[in-house]
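Heads up, protein.pdb below (PDB, C-alpha atoms):
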ATOM      1  CA  MET X   1      23.173   8.511   0.864
ATOM      2  CA  LYS X   2      23.271   5.245   2.784
ATOM      3  CA  PRO X   3      20.163   3.937   4.548
ATOM      4  CA  VAL X   4      20.481   4.262   8.319
ATOM      5  CA  ALA X   5      20.333   1.438  10.857
ATOM      6  CA  VAL X   6      20.144   2.008  14.614
ATOM      7  CA  ILE X   7      21.246  -0.819  16.894
ATOM      8  CA  THR X   8      21.737  -1.092  20.647
ATOM      9  CA  GLY X   9      24.519  -2.959  22.400
ATOM     10  CA  THR X  10      27.284  -3.265  19.801
ATOM     11  CA  THR X  11      30.624  -3.346  21.606
ATOM     12  CA  GLN X  12      30.546  -7.099  22.211
ATOM     13  CA  GLY X  13      28.724 -10.322  21.436
ATOM     14  CA  ILE X  14      25.891 -10.538  18.929
ATOM     15  CA  GLY X  15      25.536  -6.767  18.564
ATOM     16  CA  ARG X  16      29.157  -6.384  17.569
ATOM     17  CA  VAL X  17      28.759  -8.959  14.801
ATOM     18  CA  VAL X  18      25.463  -7.503  13.602
ATOM     19  CA  ALA X  19      26.742  -3.908  13.510
ATOM     20  CA  ARG X  20      29.728  -4.872  11.374
ATOM     21  CA  ARG X  21      27.644  -6.983   8.989
ATOM     22  CA  LEU X  22      25.026  -4.262   8.570
ATOM     23  CA  ALA X  23      27.761  -1.799   7.631
ATOM     24  CA  GLU X  24      29.230  -4.329   5.194
ATOM     25  CA  ALA X  25      25.750  -4.600   3.657
ATOM     26  CA  GLY X  26      25.878  -0.875   2.855
ATOM     27  CA  LEU X  27      24.040   0.709   5.774
ATOM     28  CA  HIS X  28      25.218   3.601   7.893
ATOM     29  CA  VAL X  29      25.128   2.104  11.386
ATOM     30  CA  VAL X  30      24.332   4.198  14.444
ATOM     31  CA  MET X  31      25.624   2.289  17.467
ATOM     32  CA  LEU X  32      23.849   3.035  20.759
ATOM     33  CA  CYS X  33      26.097   1.906  23.628
ATOM     34  CA  ARG X  34      26.702   2.545  27.303
ATOM     35  CA  ASP X  35      30.458   2.765  26.636
ATOM     36  CA  ARG X  36      30.720   5.360  23.908
ATOM     37  CA  VAL X  37      34.522   5.418  24.070
ATOM     38  CA  ALA X  38      34.704   1.684  23.363
ATOM     39  CA  ALA X  39      32.149   2.073  20.564
ATOM     40  CA  ARG X  40      34.116   4.888  18.921
ATOM     41  CA  ARG X  41      37.310   2.872  19.195
ATOM     42  CA  LEU X  42      35.578  -0.041  17.491
ATOM     43  CA  CYS X  43      34.257   2.231  14.720
ATOM     44  CA  GLU X  44      37.740   3.580  14.070
ATOM     45  CA  GLN X  45      39.174   0.071  13.969
ATOM     46  CA  TRP X  46      36.571  -1.162  11.495
ATOM     47  CA  CYS X  47      36.835   1.896   9.250
ATOM     48  CA  ALA X  48      40.612   1.540   9.188
ATOM     49  CA  GLN X  49      40.114  -2.013   7.938
ATOM     50  CA  ASP X  50      37.517  -1.007   5.326
ATOM     51  CA  ALA X  51      37.010   2.653   4.414
ATOM     52  CA  ARG X  52      33.627   1.870   2.847
ATOM     53  CA  LEU X  53      32.102   1.202   6.265
ATOM     54  CA  SER X  54      30.163   3.979   7.977
ATOM     55  CA  PHE X  55      29.300   4.335  11.683
ATOM     56  CA  ASP X  56      28.264   6.736  14.415
ATOM     57  CA  ALA X  57      28.480   6.067  18.155
ATOM     58  CA  VAL X  58      25.868   7.512  20.529
ATOM     59  CA  HIS X  59      25.790   7.079  24.298
ATOM     60  CA  CYS X  60      22.695   5.239  25.533
ATOM     61  CA  ASP X  61      22.094   3.586  28.880
ATOM     62  CA  LEU X  62      18.883   1.603  28.481
ATOM     63  CA  SER X  63      18.387   1.459  32.243
ATOM     64  CA  SER X  64      17.814   5.238  32.270
ATOM     65  CA  LEU X  65      14.795   6.701  30.497
ATOM     66  CA  SER X  66      16.461  10.126  30.341
ATOM     67  CA  SER X  67      19.505   8.578  28.662
ATOM     68  CA  VAL X  68      17.241   6.875  26.122
ATOM     69  CA  ARG X  69      15.541  10.195  25.408
ATOM     70  CA  ASN X  70      18.894  11.910  24.903
ATOM     71  CA  ALA X  71      20.087   9.153  22.581
ATOM     72  CA  ALA X  72      16.894   9.305  20.533
ATOM     73  CA  ALA X  73      17.180  13.090  20.266
ATOM     74  CA  ALA X  74      20.745  12.713  18.972
ATOM     75  CA  VAL X  75      19.639  10.198  16.339
ATOM     76  CA  LEU X  76      16.685  12.326  15.258
ATOM     77  CA  GLY X  77      18.881  15.412  15.096
ATOM     78  CA  ASP X  78      21.279  13.740  12.680
ATOM     79  CA  HIS X  79      18.996  11.591  10.528
ATOM     80  CA  ALA X  80      15.777  12.480   8.732
ATOM     81  CA  HIS X  81      15.015   8.861   7.818
ATOM     82  CA  LEU X  82      15.741   5.477   9.356
ATOM     83  CA  GLN X  83      15.601   2.117   7.629
ATOM     84  CA  LEU X  84      16.196  -0.276  10.499
ATOM     85  CA  LEU X  85      15.981  -0.393  14.301
ATOM     86  CA  VAL X  86      17.510  -3.379  16.075
ATOM     87  CA  ASN X  87      16.767  -3.596  19.795
ATOM     88  CA  ASN X  88      19.602  -5.983  20.553
ATOM     89  CA  ALA X  89      21.006  -5.067  23.976
ATOM     90  CA  GLY X  90      19.903  -6.964  27.057
ATOM     91  CA  THR X  91      20.922  -7.961  30.543
ATOM     92  CA  ILE X  92      20.265 -10.435  33.317
ATOM     93  CA  SER X  93      20.668  -9.446  36.954
ATOM     94  CA  MET X  94      21.453 -12.148  39.480
ATOM     95  CA  LYS X  95      20.519  -9.746  42.307
ATOM     96  CA  HIS X  96      17.403  -7.641  42.808
ATOM     97  CA  ARG X  97      18.451  -4.216  41.583
ATOM     98  CA  ARG X  98      16.559  -1.093  40.585
ATOM     99  CA  SER X  99      17.070   1.243  37.666
ATOM    100  CA  ALA X 100      17.570   4.982  38.081
ATOM    101  CA  ASP X 101      13.824   5.346  37.497
ATOM    102  CA  GLY X 102      12.881   2.788  40.145
ATOM    103  CA  PHE X 103      12.046  -0.215  37.969
ATOM    104  CA  GLU X 104      13.394  -3.746  38.341
ATOM    105  CA  LEU X 105      16.665  -3.529  36.412
ATOM    106  CA  CYS X 106      16.224  -6.454  34.044
ATOM    107  CA  PHE X 107      12.774  -5.216  33.012
ATOM    108  CA  ALA X 108      14.063  -1.657  32.609
ATOM    109  CA  VAL X 109      16.971  -2.616  30.333
ATOM    110  CA  ASN X 110      15.300  -5.395  28.367
ATOM    111  CA  HIS X 111      11.869  -3.846  27.873
ATOM    112  CA  LEU X 112      11.244  -0.279  29.027
ATOM    113  CA  GLY X 113      14.371   1.248  27.480
ATOM    114  CA  PRO X 114      13.849  -0.414  24.083
ATOM    115  CA  PHE X 115      10.117   0.351  24.232
ATOM    116  CA  LEU X 116      10.760   4.054  24.733
ATOM    117  CA  LEU X 117      13.494   4.110  22.092
ATOM    118  CA  THR X 118      11.163   2.486  19.574
ATOM    119  CA  GLU X 119       8.363   4.939  20.319
ATOM    120  CA  LEU X 120      10.658   7.944  19.945
ATOM    121  CA  LEU X 121      12.184   6.749  16.664
ATOM    122  CA  ARG X 122       9.417   4.933  14.820
ATOM    123  CA  ASP X 123       7.934   7.993  13.107
ATOM    124  CA  ARG X 124      11.279   8.404  11.311
ATOM    125  CA  ILE X 125      11.345   4.824  10.016
ATOM    126  CA  THR X 126      10.506   4.812   6.325
ATOM    127  CA  ALA X 127       8.011   2.570   4.528
ATOM    128  CA  GLY X 128       9.715  -0.741   3.947
ATOM    129  CA  GLY X 129      11.747  -0.277   7.124
ATOM    130  CA  ARG X 130      12.105  -2.919   9.813
ATOM    131  CA  ILE X 131      12.093  -3.169  13.594
ATOM    132  CA  VAL X 132      13.819  -6.212  15.074
ATOM    133  CA  ASN X 133      13.471  -7.071  18.770
ATOM    134  CA  THR X 134      15.702  -9.624  20.479
ATOM    135  CA  ALA X 135      13.538 -11.788  22.711
ATOM    136  CA  SER X 136      14.298 -15.329  23.872
ATOM    137  CA  ARG X 137      12.807 -18.797  23.988
ATOM    138  CA  VAL X 138      12.925 -18.283  27.746
ATOM    139  CA  HIS X 139       9.829 -16.079  27.380
ATOM    140  CA  ALA X 140       7.774 -19.294  27.356
ATOM    141  CA  LYS X 141       8.929 -20.082  30.910
ATOM    142  CA  ALA X 142       7.014 -17.076  32.230
ATOM    143  CA  ARG X 143       3.773 -18.560  33.563
ATOM    144  CA  LYS X 144       2.329 -15.227  34.611
ATOM    145  CA  PHE X 145       2.996 -11.559  33.987
ATOM    146  CA  ASP X 146       2.660  -9.331  37.023
ATOM    147  CA  VAL X 147       3.001  -5.768  35.785
ATOM    148  CA  GLU X 148       2.979  -4.279  39.286
ATOM    149  CA  ALA X 149       5.931  -6.419  40.434
ATOM    150  CA  PHE X 150       8.286  -4.367  38.307
ATOM    151  CA  ILE X 151       7.755  -1.319  40.521
ATOM    152  CA  ASP X 152       7.150  -3.058  43.871
ATOM    153  CA  PRO X 153      10.397  -2.987  45.910
ATOM    154  CA  GLY X 154       9.028  -5.712  48.174
ATOM    155  CA  ALA X 155       8.228  -8.180  45.406
ATOM    156  CA  PRO X 156      10.112 -11.517  45.668
ATOM    157  CA  TYR X 157      12.945 -11.820  43.167
ATOM    158  CA  ARG X 158      14.273 -14.749  41.181
ATOM    159  CA  ALA X 159      16.772 -13.928  38.446
ATOM    160  CA  GLY X 160      15.504 -16.531  35.991
ATOM    161  CA  ALA X 161      11.882 -15.520  36.434
ATOM    162  CA  ALA X 162      12.700 -11.815  36.049
ATOM    163  CA  TYR X 163      14.625 -12.503  32.845
ATOM    164  CA  ALA X 164      11.809 -14.677  31.459
ATOM    165  CA  GLN X 165       9.238 -11.965  32.153
ATOM    166  CA  SER X 166      11.401  -9.310  30.496
ATOM    167  CA  LYS X 167      11.733 -11.507  27.405
ATOM    168  CA  LEU X 168       7.985 -12.151  27.422
ATOM    169  CA  ALA X 169       7.595  -8.371  27.457
ATOM    170  CA  ASN X 170       9.709  -8.205  24.260
ATOM    171  CA  VAL X 171       7.279 -10.521  22.456
ATOM    172  CA  LEU X 172       4.203  -8.783  23.860
ATOM    173  CA  HIS X 173       5.664  -5.445  22.776
ATOM    174  CA  THR X 174       6.387  -6.682  19.258
ATOM    175  CA  LEU X 175       2.892  -8.042  18.689
ATOM    176  CA  ALA X 176       1.216  -4.918  20.073
ATOM    177  CA  LEU X 177       3.526  -2.749  17.966
ATOM    178  CA  VAL X 178       2.496  -4.524  14.768
ATOM    179  CA  ARG X 179      -1.076  -3.316  15.229
ATOM    180  CA  ARG X 180       0.177   0.284  15.547
ATOM    181  CA  LEU X 181       2.256  -0.089  12.378
ATOM    182  CA  GLU X 182      -0.572  -1.381  10.210
ATOM    183  CA  GLY X 183      -0.650   0.451   6.894
ATOM    184  CA  SER X 184       2.758   2.088   7.416
ATOM    185  CA  GLY X 185       4.785  -0.416   5.401
ATOM    186  CA  ILE X 186       7.052  -0.959   8.448
ATOM    187  CA  THR X 187       7.500  -4.481   9.806
ATOM    188  CA  ALA X 188       8.256  -5.629  13.350
ATOM    189  CA  ASN X 189       9.484  -9.083  14.297
ATOM    190  CA  CYS X 190      11.213 -10.681  17.279
ATOM    191  CA  LEU X 191      13.575 -13.592  17.713
ATOM    192  CA  HIS X 192      15.349 -16.093  19.885
ATOM    193  CA  PRO X 193      19.066 -15.842  18.998
ATOM    194  CA  GLY X 194      19.949 -19.159  20.614
ATOM    195  CA  VAL X 195      21.945 -19.757  23.774
ATOM    196  CA  VAL X 196      25.001 -17.688  22.945
ATOM    197  CA  ALA X 197      28.368 -17.632  24.721
ATOM    198  CA  THR X 198      28.438 -13.902  25.482
ATOM    199  CA  SER X 199      28.831 -11.855  28.666
ATOM    200  CA  LEU X 200      25.088 -12.258  29.271
ATOM    201  CA  LEU X 201      25.696 -15.867  30.336
ATOM    202  CA  PRO X 202      26.862 -16.389  33.910
ATOM    203  CA  ARG X 203      30.622 -16.892  34.103
ATOM    204  CA  TRP X 204      30.383 -20.463  35.383
ATOM    205  CA  LEU X 205      28.204 -21.475  32.422
ATOM    206  CA  ARG X 206      30.497 -19.797  29.882
ATOM    207  CA  SER X 207      33.396 -21.794  31.322
ATOM    208  CA  LEU X 208      31.590 -25.003  30.354
ATOM    209  CA  LYS X 209      31.035 -23.976  26.732
ATOM    210  CA  SER X 210      33.130 -26.850  25.367
ATOM    211  CA  LEU X 211      30.831 -29.332  27.096
ATOM    212  CA  TRP X 212      27.688 -27.781  25.642
ATOM    213  CA  ASP X 213      28.627 -27.356  21.976
ATOM    214  CA  PRO X 214      26.743 -27.163  19.710
ATOM    215  CA  VAL X 215      23.951 -26.198  22.145
ATOM    216  CA  ILE X 216      25.748 -22.976  23.042
ATOM    217  CA  LEU X 217      26.445 -20.866  19.960
ATOM    218  CA  ASP X 218      29.198 -18.364  19.360
ATOM    219  CA  ALA X 219      28.341 -14.726  18.652
ATOM    220  CA  THR X 220      28.538 -15.128  14.873
ATOM    221  CA  GLN X 221      26.089 -18.013  14.931
ATOM    222  CA  GLY X 222      23.866 -16.162  17.365
ATOM    223  CA  ALA X 223      23.743 -13.123  15.075
ATOM    224  CA  SER X 224      22.373 -15.050  12.092
ATOM    225  CA  THR X 225      18.651 -14.654  12.781
ATOM    226  CA  THR X 226      18.984 -10.964  13.661
ATOM    227  CA  LEU X 227      20.782 -10.414  10.366
ATOM    228  CA  LYS X 228      18.172 -12.384   8.472
ATOM    229  CA  LEU X 229      15.316 -10.333   9.936
ATOM    230  CA  SER X 230      17.255  -7.141   9.237
ATOM    231  CA  LEU X 231      18.389  -7.783   5.681
ATOM    232  CA  ALA X 232      16.739 -10.741   3.945
ATOM    233  CA  PRO X 233      14.723  -9.608   0.882
ATOM    234  CA  GLY X 234      12.459 -12.615   1.317
ATOM    235  CA  LEU X 235      11.110 -11.108   4.535
ATOM    236  CA  ASP X 236       9.805  -7.919   2.925
ATOM    237  CA  GLY X 237       6.318  -7.426   4.339
ATOM    238  CA  VAL X 238       6.619 -10.238   6.888
ATOM    239  CA  THR X 239       5.585  -8.874  10.270
ATOM    240  CA  GLY X 240       4.410  -9.911  13.710
ATOM    241  CA  ARG X 241       6.404 -13.130  13.772
ATOM    242  CA  TYR X 242       8.692 -14.802  16.278
ATOM    243  CA  PHE X 243      11.748 -16.594  14.828
ATOM    244  CA  ASP X 244      14.101 -19.155  16.336
ATOM    245  CA  GLU X 245      17.903 -19.349  16.178
ATOM    246  CA  TYR X 246      17.687 -21.068  12.785
ATOM    247  CA  GLY X 247      15.694 -18.218  11.269
ATOM    248  CA  LEU X 248      12.482 -20.239  11.237
ATOM    249  CA  PRO X 249       9.138 -18.795  12.355
ATOM    250  CA  GLN X 250       7.736 -20.348  15.515
ATOM    251  CA  GLU X 251       4.622 -19.795  17.587
ATOM    252  CA  PRO X 252       5.314 -17.819  20.765
ATOM    253  CA  SER X 253       3.770 -18.835  24.073
ATOM    254  CA  SER X 254       0.038 -18.584  24.667
ATOM    255  CA  LEU X 255       0.706 -15.832  27.220
ATOM    256  CA  ALA X 256       2.645 -13.844  24.600
ATOM    257  CA  ARG X 257      -0.313 -14.147  22.215
ATOM    258  CA  ASN X 258      -2.762 -12.747  24.768
ATOM    259  CA  ILE X 259      -4.006  -9.530  23.176
ATOM    260  CA  ASP X 260      -5.411  -8.129  26.426
ATOM    261  CA  LEU X 261      -2.017  -8.586  28.079
ATOM    262  CA  GLN X 262      -0.253  -7.033  25.095
ATOM    263  CA  GLU X 263      -2.476  -3.977  25.354
ATOM    264  CA  ARG X 264      -2.162  -3.723  29.120
ATOM    265  CA  LEU X 265       1.629  -3.797  28.921
ATOM    266  CA  TRP X 266       1.611  -1.314  26.031
ATOM    267  CA  ASN X 267      -0.515   1.228  27.895
ATOM    268  CA  GLN X 268       1.355   0.775  31.164
ATOM    269  CA  SER X 269       4.717   1.090  29.402
ATOM    270  CA  ARG X 270       3.686   4.349  27.779
ATOM    271  CA  SER X 271       2.581   5.653  31.162
ATOM    272  CA  TRP X 272       5.831   4.591  32.846
ATOM    273  CA  CYS X 273       7.819   6.235  30.046
ATOM    274  CA  GLY X 274       5.892   9.488  30.391
ATOM    275  CA  LEU X 275       4.191   9.170  27.021
ATOM    276  CA  PRO X 276       0.505   9.977  26.360
ATOM    277  CA  THR X 277      -1.742   6.941  26.741
TER     278      THR X 277
END

Rewrite the structure of this file - the entire thing - as C-alpha cells.
Amino acid sequence: MKPVAVITGTTQGIGRVVARRLAEAGLHVVMLCRDRVAARRLCEQWCAQDARLSFDAVHCDLSSLSSVRNAAAAVLGDHAHLQLLVNNAGTISMKHRRSADGFELCFAVNHLGPFLLTELLRDRITAGGRIVNTASRVHAKARKFDVEAFIDPGAPYRAGAAYAQSKLANVLHTLALVRRLEGSGITANCLHPGVVATSLLPRWLRSLKSLWDPVILDATQGASTTLKLSLAPGLDGVTGRYFDEYGLPQEPSSLARNIDLQERLWNQSRSWCGLPT
C-alpha cells in the first residue's frame, strides 16, 4: 500500500507540480481543491500518461471552515494513516473581502483553513511523517500582528499588509505546532517558495515576467523547496525550520520567533475554528 500525501491547491502552479512529483515518487496523492472537476480531470490525464500514478480528488474551499471539516472527514474516512500534509494553497485579495465565516479572506484562506485542516488530520500522520507549510519571505514585512483586525469589519485594509500578516501566521503556526508534535516523530517546517509566476501574482506583474527573470521563478522552480521538505531523506527529523527558495534554512523574522505571539495565535485560531482551547 502506498504512503498517503495530502496537498491543497493542486490544479495549477506550484501545487500542480508538487502533486505530480509526489505521485511519481510513489505516494498516493489526495488533492484538496476548490474545483474538484478540474482536479479529477487532471488526475485522469496524469494516470493515462503513467498508470503507476495514484490520486484522489476531494473538494475543499479553504475560505470555509465547514468545507475544510468536510474535506478532512473525507480524507479520514478513506485513509487510516497519512505520511505527508502539504499546506500549499494560498491567495491574495486586492480588495477587503470576508470569508463565509466572517474573517478577512486572505487570513481565512492562508491561515485559518490550513490550521483547521492540520488539526483535524495530524492524529493520523504516522511517526516519520511530515507537515509542510507554504509561507513567504513577505512575512518579515509584517511589523505587527493584530489578531483582532481579522474579525473587525471596520479595520483599515491594505492588500500587501494583509498578505504579509497571513504569511507571518503560517510561520507562527509552524513553530507553535512543532511544540505540540514533540515526541511524535512528526516534523513540521515552512518555506518561502520564491516569487513565482502563478495566478497568485497580479496580472500586471505576471506580464512583466521576462523583465524580472531570474527573480521571478516558474512553477517548477518554485516547487523545488516544497518537494525537498516533503521527500528529502536528509531532512528526516529536521523540524521547526524556515527554508528559502533554494532549500536553505533561514532565520524567520523576530516577530515570527515570538513565542507569546505564537501561543496567542494558536489559542485564538483554535477558538475561531471551534476547537477546544

Give me the residues of stretch 52-99 of chain X that have any atom at most 12 Å from an atom of stretch 145-154 of chain X; for each, the nearest atom pair and the distance in Å, rounded to one decimal. Use all atoms listed in the file, sort by chain and number, and format it as a Markdown table.
| residue | atom | partner | partner_atom | distance |
| --- | --- | --- | --- | --- |
| X:His96 | CA | X:Pro153 | CA | 9.0 |
| X:Arg97 | CA | X:Pro153 | CA | 9.2 |
| X:Arg98 | CA | X:Pro153 | CA | 8.4 |
| X:Ser99 | CA | X:Ile151 | CA | 10.1 |

Please, could you write that set of residues out with C-alpha atoms as a short mmCIF file (atom, residue, chain, number, x, y, z; two decimals), keeping the file's coordinate frame?
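New file selection_4.cif:
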data_model
loop_
_atom_site.label_atom_id
_atom_site.label_comp_id
_atom_site.auth_asym_id
_atom_site.auth_seq_id
_atom_site.Cartn_x
_atom_site.Cartn_y
_atom_site.Cartn_z
CA HIS X 96 17.40 -7.64 42.81
CA ARG X 97 18.45 -4.22 41.58
CA ARG X 98 16.56 -1.09 40.58
CA SER X 99 17.07 1.24 37.67
#

Inset, instruction - Between X:Cys33, X:Ala223, X:Leu22, X:Leu265, single out the one closest to X:Val195, counting only C-alpha atoms. - result: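 Closest to X:Val195, using only C-alpha atoms: X:Ala223.
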
Legend entry - Using all atoms listed in the file: which of X:Arg124, X:Lys167, X:Lys141, X:Arg270 has the shortest distance to X:Ser184: X:Arg124

Inset, instruction - Using atom CA of X:Ile14 and atom CA of X:Thr220 as the two end points, give the distance in Å to one decimal. - result: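 Computing the Euclidean distance for atom CA of X:Ile14 and atom CA of X:Thr220 yields 6.7 Å.
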
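Put simply, the PyMOL selection byres ((chain X and resi 187) around 7) in this file takes in Gly129, Arg130, Ile131, Gly185, Ile186, Ala188, Asn189, Gly237, Val238 and Thr239 of chain X.
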
Output C-alpha atoms for every residue in the selection just made, as a PDB file, keeping the file's coordinate frame.
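What follows is the written file out.pdb:
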ATOM      1  CA  GLY X 129      11.747  -0.277   7.124  1.00  0.00           C
ATOM      2  CA  ARG X 130      12.105  -2.919   9.813  1.00  0.00           C
ATOM      3  CA  ILE X 131      12.093  -3.169  13.594  1.00  0.00           C
ATOM      4  CA  GLY X 185       4.785  -0.416   5.401  1.00  0.00           C
ATOM      5  CA  ILE X 186       7.052  -0.959   8.448  1.00  0.00           C
ATOM      6  CA  ALA X 188       8.256  -5.629  13.350  1.00  0.00           C
ATOM      7  CA  ASN X 189       9.484  -9.083  14.297  1.00  0.00           C
ATOM      8  CA  GLY X 237       6.318  -7.426   4.339  1.00  0.00           C
ATOM      9  CA  VAL X 238       6.619 -10.238   6.888  1.00  0.00           C
ATOM     10  CA  THR X 239       5.585  -8.874  10.270  1.00  0.00           C
TER      11      THR X 239
END

Apply the PyMOL selection byres ((chain X and resi 108-120) around 6) to the displayed file and report the matching residues as a JSON list (two decimals) with C-alpha atoms, keeping the file's coordinate frame.
[["chain", "number", "residue", "atom", "x", "y", "z"],
["X", 62, "LEU", "CA", 18.88, 1.60, 28.48],
["X", 63, "SER", "CA", 18.39, 1.46, 32.24],
["X", 90, "GLY", "CA", 19.90, -6.96, 27.06],
["X", 103, "PHE", "CA", 12.05, -0.22, 37.97],
["X", 105, "LEU", "CA", 16.66, -3.53, 36.41],
["X", 106, "CYS", "CA", 16.22, -6.45, 34.04],
["X", 107, "PHE", "CA", 12.77, -5.22, 33.01],
["X", 121, "LEU", "CA", 12.18, 6.75, 16.66],
["X", 122, "ARG", "CA", 9.42, 4.93, 14.82],
["X", 166, "SER", "CA", 11.40, -9.31, 30.50]]

Inset, instruction - Compare X:Val37, X:Leu175, X:His28, X:Gly183 by their minimum atom-to-atom distance to X:Leu53, counting only C-alpha atoms, and give me the closest one. - result: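 Between X:Val37, X:Leu175, X:His28, X:Gly183, the residue approaching X:Leu53 most closely is X:His28.
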
Legend entry - Selected residue, from X:Ile259, X:Ala162, X:Gly247, X:Ala140, that lies nearest to X:Arg179 when counting only C-alpha atoms: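 Checking each candidate against X:Arg179, we get X:Ile259 as the closest.
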